[in-house]
Every structure is written in C-alpha cells, then in structure tokens.
Amino acid sequence: MSIILLVGILGVFMILFFKNSLLDNVETNNKLVHRLQNAKWFQNYWLSGLFLFALNAILFLLTVLILYVIMFFEIPYVHLLIMFIATIGSIFLWIVINKAWQGTKRNRIKMGIVGSSFYILLSAIFIYWLWTLEPSYPGDDTFMGAIGLIFAIIVTLIAFTTCFIISGFSRKSA
C-alpha cells in the first residue's frame with residue numbers, strides 16, 4: 001500500500017511540474033469554462049471559492065460512496081482504478097476553474113484557499129480521529145487503523161496542495 005501511495009504522490013508531483021502544459025490542453029472555448037466565465041457570480045472569489053469547496057466535497061463523497069459500494073463485490077484492484085479516475089477528474093475540474101477565472105491574481109489566490117480548504121478540514125478530522133484512536137475492545141491492535149489515518153492525512157494534504165496550486169495560481173504569461 002505504501003508503494004501505491006508513493007507512486008500516487010510522484011504522479012501528482014509530475015502533474016504539478018507539467019501544470020502549464022496541462023492548462024494548455026483545456027481550451028478556453030470548453031463548454032464548462034465558457035459557462036463559468038459567463039456566470040456573474042463566479043467572478044466573486046468567495047462564491048467561486050465556495051463553489052470549488054462544494055465541488056471538492058461532492059467529488060470526495062461520490063468517490064467514497066462508490067468505494068463503499070464496490071467493497072461488497074470481490075473484484076480485485078477496482079478501488080485503485082476508481083481512485084485514479086477520481087484524481088484525474090478532480091484535476092480536470094480544477095484546471096477548468098483555473099481557466100474560467102477572470103479576476104485579479106490576489107482574488108484568484110483567495111478563491112484557491114477557500115476552495116481547497118475542504119481538504120484542510122478533512123485533514124483536521126483525520127488528525128482528530130488519529131489523536132483519539134482507541135481500541136474497540138481490550139487487546140485490540142490499533143496499528144492498521146493508525147496507518148490508514150496517516151495515509152488519509154497525507155492524501156488530503158497533497159490534495160489541498162494540488163488543488164490550491166492548480167486553481168490558485170495562473171499560468172505565467174510568456
């Protein structure tokens with residue numbers, strides 16, 4: 001499992017390294033970009049940040065729901081595919097939000113902080129669960145639960161960083 005986490009982290013770092021070329025692949029005449037650009041409320045950093053926050057929450061909850069449902073089927077490694085698709089979908093939507101934003105750089109950063117703060121809240125919840133982790137019964141080993149929570153904290157902090165960098169910082173003009 002730690003190898004999969006390491007590969008995922010390296011993959012996200014590669015995505016951040018090639019962020020500008022990924023931004024070029026999503027054109028400004030994309031339907032989602034065009035719709036958000038024309039929405040008057042989207043140019044307010046609070047409203048667009050809350051939209052990004054809600055979008056992150058919906059994508060996360062949808063992914064958790066799908067992972068919960070496939071837990072009842074004995075199909076190996078499908079959960080890895082679901083998590084990969086969820087990651088790519090999130091990054092695509094963050095790029096769309098980056099392309100649709102037309103305000104100032106300062107307000108873009110504010111929007112990115114508000115929108116990606118969902119993952120900070122999620123990290124705080126996981127830290128609290130780790131802090132208060134107790135055995136279910138006497139003699140219960142909490143090691144695997146602690147490892148799972150540590151992995152969850154790492155993943156949510158990387159998701160925060162990635163969301164903030166992609167949605168909060170625009171491409172440098174050449």
# chains A, B, ... in the order shown; residues from 1 in each chain; ligands from 1
>>> select_by_dssp(residues="region 1-172 of chain A", states="helix (DSSP H, G or I)", output="PyMOL selection string")
chain A and resi 2-17+19-25+31-38+40-43+45-70+78-100+105-131+143-168
>>> residues_around(residues="region 89-95 of chain A", least_positions_apart="2", cutoff="7 Å", atoms="only C-alpha atoms", output="PyMOL selection string")
chain A and resi 23+85-87+97-99+163+166-167
>>> closest_atom_pairs(of="region 106-135 of chain A", to="region 36-52 of chain A", cutoff="8 Å", atoms="only C-alpha atoms", output="CSV")
residue,atom,partner,partner_atom,distance
A:Asn107,CA,A:Tyr45,CA,5.7
A:Arg108,CA,A:Tyr45,CA,6.8
A:Lys110,CA,A:Tyr45,CA,6.5
A:Met111,CA,A:Gly49,CA,4.3
A:Gly112,CA,A:Gly49,CA,6.3
A:Ile113,CA,A:Gly49,CA,7.4
A:Val114,CA,A:Gly49,CA,4.9
A:Gly115,CA,A:Gly49,CA,4.3
A:Ser116,CA,A:Leu52,CA,7.2
>>> residues_around(residues="region 118-123 of chain A", least_positions_apart="6", cutoff="9 Å", atoms="only C-alpha atoms", output="short mmCIF file (atom, residue, chain, number, x, y, z; two decimals) with C-alpha atoms, in the first residue's frame")
data_model
loop_
_atom_site.label_atom_id
_atom_site.label_comp_id
_atom_site.auth_asym_id
_atom_site.auth_seq_id
_atom_site.Cartn_x
_atom_site.Cartn_y
_atom_site.Cartn_z
CA LEU A 52 -14.84 24.89 -5.56
CA PHE A 53 -15.26 23.83 -1.91
CA ALA A 54 -18.64 22.24 -2.70
CA ASN A 56 -14.41 19.09 -3.87
CA ALA A 57 -16.85 17.85 -1.22
CA ALA A 152 -5.60 9.65 4.71
CA ILE A 153 -3.87 12.69 6.23
CA ILE A 154 -1.09 12.51 3.63
CA VAL A 155 -3.55 12.16 0.76
CA THR A 156 -5.75 15.06 1.90
CA LEU A 157 -2.76 17.36 2.43
CA ILE A 158 -1.49 16.55 -1.06
CA ALA A 159 -4.99 17.13 -2.45
CA PHE A 160 -5.07 20.52 -0.69
CA THR A 161 -1.69 21.47 -2.14
CA CYS A 163 -5.99 22.00 -5.64
#
>>> closest_residue(among="A:Ile109, A:Leu59, A:Ile150, A:Leu10", to="Ser170 (chain A)", atoms="only C-alpha atoms")
A:Ile109
>>> closest_residue(among="A:Val96, A:Leu80, A:Leu22, A:Leu149", to="Thr132 (chain A)", atoms="only C-alpha atoms")
A:Leu149
>>> atom_distance(atom1="CA of Phe143 (chain A)", atom2="CA of Trp129 (chain A)")
13.2 Å
>>> closest_residue(among="A:Ile82, A:Ala100, A:Glu74, A:Leu67", to="Leu32 (chain A)", atoms="only C-alpha atoms")
A:Ala100
>>> residues_around(residues="Leu130 (chain A)", least_positions_apart="2", cutoff="9 Å", atoms="only C-alpha atoms", output="count of residues only")
11
>>> atom_distance(atom1="CA of Ile147 (chain A)", atom2="CA of Trp131 (chain A)")
12.4 Å
>>> closest_residue(among="A:Val78, A:Met83, A:Val69, A:Val33", to="Leu5 (chain A)", atoms="only C-alpha atoms")
A:Met83
>>> atom_distance(atom1="CA of Ser117 (chain A)", atom2="CA of Asn29 (chain A)")
28.4 Å
>>> decode(residues="region 28-68 of chain A", atoms="C-alpha atoms", output="PDB file, in the first residue's frame")
ATOM      1  CA  THR A  28     -10.995  28.467 -23.108  1.00  0.00           C
ATOM      2  CA  ASN A  29     -13.819  27.580 -25.509  1.00  0.00           C
ATOM      3  CA  ASN A  30     -14.557  24.432 -23.457  1.00  0.00           C
ATOM      4  CA  LYS A  31     -18.263  24.286 -22.506  1.00  0.00           C
ATOM      5  CA  LEU A  32     -17.588  24.249 -18.759  1.00  0.00           C
ATOM      6  CA  VAL A  33     -15.058  27.072 -18.969  1.00  0.00           C
ATOM      7  CA  HIS A  34     -17.389  29.156 -21.109  1.00  0.00           C
ATOM      8  CA  ARG A  35     -20.336  28.562 -18.772  1.00  0.00           C
ATOM      9  CA  LEU A  36     -18.337  29.551 -15.679  1.00  0.00           C
ATOM     10  CA  GLN A  37     -16.826  32.601 -17.387  1.00  0.00           C
ATOM     11  CA  ASN A  38     -20.295  33.861 -18.262  1.00  0.00           C
ATOM     12  CA  ALA A  39     -21.663  33.287 -14.766  1.00  0.00           C
ATOM     13  CA  LYS A  40     -21.569  36.628 -12.979  1.00  0.00           C
ATOM     14  CA  TRP A  41     -21.363  35.031  -9.523  1.00  0.00           C
ATOM     15  CA  PHE A  42     -18.208  33.097 -10.477  1.00  0.00           C
ATOM     16  CA  GLN A  43     -16.069  36.234 -10.639  1.00  0.00           C
ATOM     17  CA  ASN A  44     -16.614  36.823  -6.899  1.00  0.00           C
ATOM     18  CA  TYR A  45     -13.783  34.982  -5.150  1.00  0.00           C
ATOM     19  CA  TRP A  46     -15.968  33.995  -2.186  1.00  0.00           C
ATOM     20  CA  LEU A  47     -18.679  32.473  -4.345  1.00  0.00           C
ATOM     21  CA  SER A  48     -16.267  30.756  -6.709  1.00  0.00           C
ATOM     22  CA  GLY A  49     -14.235  29.518  -3.725  1.00  0.00           C
ATOM     23  CA  LEU A  50     -17.367  28.126  -2.114  1.00  0.00           C
ATOM     24  CA  PHE A  51     -18.278  26.541  -5.450  1.00  0.00           C
ATOM     25  CA  LEU A  52     -14.845  24.894  -5.563  1.00  0.00           C
ATOM     26  CA  PHE A  53     -15.261  23.832  -1.915  1.00  0.00           C
ATOM     27  CA  ALA A  54     -18.639  22.239  -2.698  1.00  0.00           C
ATOM     28  CA  LEU A  55     -17.268  20.641  -5.853  1.00  0.00           C
ATOM     29  CA  ASN A  56     -14.412  19.090  -3.866  1.00  0.00           C
ATOM     30  CA  ALA A  57     -16.853  17.850  -1.222  1.00  0.00           C
ATOM     31  CA  ILE A  58     -19.190  16.329  -3.814  1.00  0.00           C
ATOM     32  CA  LEU A  59     -16.359  14.621  -5.680  1.00  0.00           C
ATOM     33  CA  PHE A  60     -14.910  13.255  -2.434  1.00  0.00           C
ATOM     34  CA  LEU A  61     -18.240  11.996  -1.132  1.00  0.00           C
ATOM     35  CA  LEU A  62     -19.134  10.471  -4.502  1.00  0.00           C
ATOM     36  CA  THR A  63     -15.792   8.654  -4.588  1.00  0.00           C
ATOM     37  CA  VAL A  64     -16.243   7.379  -1.027  1.00  0.00           C
ATOM     38  CA  LEU A  65     -19.754   6.187  -1.889  1.00  0.00           C
ATOM     39  CA  ILE A  66     -18.530   4.343  -4.984  1.00  0.00           C
ATOM     40  CA  LEU A  67     -15.668   2.786  -2.991  1.00  0.00           C
ATOM     41  CA  TYR A  68     -18.145   1.714  -0.323  1.00  0.00           C
TER      42      TYR A  68
END
